Every structure is written in structure tokens, then in C-alpha cells.
Amino acid sequence: MDTLRARAGSALLAGWTTVTGRALAPYQAAVVRIGFALCFGAFLLREWPHRRELYGDHAAWSLDLARQMLADNHAFTVLAWSSSGWWFEFVYVAAIVVSVLLLLGWRTRSMSVLFMVCVLSIQNRSVLVGDGGDNVIHLMAIYLAFTRCGTVWSLDSRRRRLHPERVGDRDTVGVLLWTAFGVLLMYVQFGGVDTMGMLGGGVYSWSTVFWGFWTLAGVRWFLGHRDPDGEPRALMDAIGTMLHNCAMLVVAVEVCFIYATAGWYKIQGSLWQSGSALYYPLHLDYFNPWTGLSHLLSAHPVPVLLITYGTVIVQVAFPFLVFNRRIKNVLLVLMMTEHAAIAVTLGLPFFSLAMISADAVFLPTTFLVWLGTRLTRHATPLATVVRQVFARRTRVARSTEGATTV
């Protein structure tokens with residue numbers, strides 16, 4: 001009995017050390033960050049000419065209707081704070097900028113929270129706009145705020161590698177960002193900006209979430225400033241690591257839920273049972289960007305039947321076979337290929353990109369490391385050429401300025 005207790009205690013200690021001692025799946029978190037930041041930013045850029053009709057003052061879902069729904073479901077959006085055009089334009093442009101910064105991995109702790117705010121603000125403004133990919137982005141934006149998604153493949157990791165002395169108490173930019181966010185949050189909550197009270201004042205409110213992020217960041221910096229190697233700082237790092245690992249687990253479980261519910265829902269449909277469900281979207285103008293390709297595919301019933309049944313089988317089987325490494329990798333290839341085909345044949349690129357980005361949480365680390373090495377190997381010469389071109393232009397400009405001065 002004592003031996004069993006000792007083994008159980010050792011197993012629990014090893015599990016706790018794994019959960020709190022090391023941030024798991026750093027490459028997968030980076031791919032999820034890059035994918036969803038690219039998806040949301042690209043969507044906003046594509047809809048730039050129609051932004052006011054979708055989310056602004058020309059939207060069919062008026063601001064009054066949005067405020068009535070927000071009062072019932074207690075959702076969050078900063079666009080409900082004001083009906084002025086400049087406020088909408090500022091939020092829309094800020095969402096694009098934040099998406100780019102998160103994509104590059106600049107100050108990912110701050111940008112991931114701002115990315116969540118931007119996604120919730122724009123999507124909750126007009127809840128009837130979008131497709132299934134919007135729901136995935138909505139959820140993943142919340143989960144990303146709890147991850148350490150800038151550990152690799154980011155400007156943050158590059159700064160830590162090249163300038164380790166700037167990390168910690170010498171991080172002036174980080175301290176300025178933290179101070180600015182605190183002042184802004186205080187002004188919004190107590191300065192009369194949040195007229196609808198969407199931040200709230202109770203325990204279960206958005207103010208608790210934002211103030212929690214802000215307080216934890218400040219406490220972690222303060223403890224690192226006073227005693228970088230002390231137990232309090234180690235405890236804060238362990239809490240952050242645990243939150244990251246739990247968030248990545250939630251992302252993986254969410255992907256399994258998406259495929260499980262989609263697959264079992266399809267099984268109940270008569271068109272999916274007969275194998276003809278794919279045939280009808282190929283003849284709808286809304287899902288028909290390439291008419292010739294759609295007609296070519298729908299003209300052959302056997303591929304339509306196989307793709308229809310194959311989609312159901314893969315989606316239903318994915319949550320159960322994801323624990324087998326070899327089968328999981330085959331299923332990932334099939335699912336990503338399917339989403340790429342949906343992007344081309346049905347004209348849903350952002351939905352497909354969102355699902356591919358979510359699927360990336362299951363990609364093997366060895367493949368991601370190999371892919372990163374190959375991309376770095378090809379990108380380094382290009383970066384060198386770009387630096388040489390800019391340096392040459394700078395020298396020419398300086399020589400021209402000197403000759404003009406003489």
C-alpha cells in the first residue's frame with residue numbers, strides 16, 4: 001500500500017511539474033496565433049470598402065438593435081460606446097493594426113488581449129454577419145489571450161534572443177504599455193465612457209477579466225524587478241505556464257467538439273445519408289465563385305458521393321482517433337485538404353483559414369520545427385538582400401545630402 005501511495009504521489013508530482021514547469025506546444029501556439037491574426041486581419045482588409053455596411057452606421061443591424069441585444073446577452077463591444085463615425089473608423093483601423101502586430105509577435109501578451117477586444121467588438125456589433133469561421137475566431141481569440149503564443153516565431157522571441165538585457169526591469173516599452181493600458185481602463189470604467197455598463201462592476205464581469213490581466217502583468221514585473229530568482233516570481237511563472245497549457249488543451253478540445261458536433265449533425269441529415277449533400281451547394285450562386293469548376297465536379301456523381309461520405313466519416317472519427325499519432329496526422333492532412341478545397345470551390349477562404357489554423361494545434365512538433373528551419377533558410381538570404389538595398393539607399397541619400405550642403 002505504501003508503495004502504491006508513493007507511486008501515485010510521484011505520478012501526481014511529475015504531472016504537476018509538467019503542467020507548471022514548461023509551456024507545452026509552443027510551436028503549435030505560434031501557428032494558431034499567426035493563423036488567426038492573418039485570418040481576421042485579412043478579412044477586415046477585404047471588407048474595407050464595405051465596412052460601414054457591415055459594422056458601421058450603414059449596417060442593416062442598427063446600433064439600437066445591437067444595444068438591445070447586448071443588454072440581454074451581456075456581450076462586449078466597444079463599438080456600442082459611441083455612434084460617431086470617427087470612433088468606428090478608429091476601432092476598425094486599430095483592429096487591423098493589432099492583427100498585424102499579433103501576427104508578427106510584437107508584445108504578444110498585450111496584443112493577444114487587444115486582439116480579443118477587437119474581435120469581440122467587431123463581431124458583436126453585427127451578430128448576423130459572417131459564417132461559421134467567425135465563431136471559431138471568436139472563441140480562439142479568447143483562448144489566445146491566456147497562452148504564451150510568442151515563445152517562438154515572433155519578434156518577442158527575437159528580442160529575447162538578441163537583447164536579453166532588455167527583458168525584465170529594463171523593458172521600458174513594456175512598462176509604458178502597461179501604464180497606458182491601466183490609465184485607459186480606469187478612464188473607460190470610471191470616466192463615463194462605458195455608458196452602457198458593459199464592463200460591469202461585479203465579480204463576473206468584463207472589468208474583472210481586464211483588470212485581472214493588467215494586475216497579473218504588473219505583479220509579475222514587480223516581482224521580477226525585486227527578486228528575479230525568488231519564489232514569488234517562480235510562482236507567477238508557474239501560474240502563467242499552467243494557464244498556457246490549460247488554454248492549449250481547451251483549444252484542442254474545442255476543435256474536437258467542432259468536428260464531433262458537425263459530423264453527428266450531418267449524420268442526421270437525409271442529404272448526407274444519401275451522399276448528395278455536396279451536390280447542392282455547388283449549384284448555388286452564393287457558393288459558386290468558379291462556375292466551371294463547380295459544374296465539372298458536380299457532373300461526376302461518384303466523387304461527390306465519396307467526398308460527402310468521407311467528410312462525415314473523418315469528422316466523426318477525428319475526436320476518437322486523435323490520440324493515435326499516425327492516424328491523427330493522416331486525418332489532419334485530409335481535413336486541411338478538405339478546407340482548402342472548400343476555400344476554392346465554395347468561396348469561403350476565411351472560414352477555411354480559420355479551421356486550418358485551429359487544426360494546427362494538432363500538428364507534430366518535429367514537422368513544425370522542420371518547416372520553420374526551411375522557411376528561415378530561404379528567408380535569410382532575402383532579408384540580407386533587403387538590408388543591403390536599404391543600406392545602399394541610405395548611403396546614397398546621405399552622400400546626396402552632403403553634396404547639397406557643400
# chains A, B, ... in the order shown; residues from 1 in each chain; ligands from 1
>>> residues_around(residues="segment 365-375 of chain A", least_positions_apart="3", cutoff="9 Å", atoms="only C-alpha atoms", output="PyMOL selection string")
chain A and resi 25-28+31+153+362+378-380
>>> select_by_dssp(residues="segment 136-236 of chain A", states="helix (DSSP H, G or I)", output="JSON, numbers by chain")
{"A": [136, 137, 138, 139, 140, 141, 142, 143, 144, 155, 156, 157, 158, 159, 160, 161, 162, 164, 165, 166, 172, 173, 174, 175, 176, 177, 178, 179, 180, 181, 182, 183, 184, 185, 186, 187, 188, 189, 190, 206, 207, 208, 209, 210, 211, 212, 213, 214, 215, 216, 217, 218, 219, 220, 221, 222, 223, 224, 225, 226, 231, 232, 233, 234, 235, 236]}
>>> residues_around(residues="segment 94-96 of chain A", least_positions_apart="5", cutoff="12 Å", atoms="only C-alpha atoms", output="ChimeraX atom specification")
/A:37-48,78-79,86-89,101-103,111-123
>>> closest_residue(among="A:Gly132, A:Arg220, A:Phe190, A:Trp106", to="Val173 of chain A", atoms="only C-alpha atoms")
A:Trp106
>>> atom_distance(atom1="atom CA of Trp264 of chain A", atom2="atom CA of Asn329 of chain A")
21.8 Å
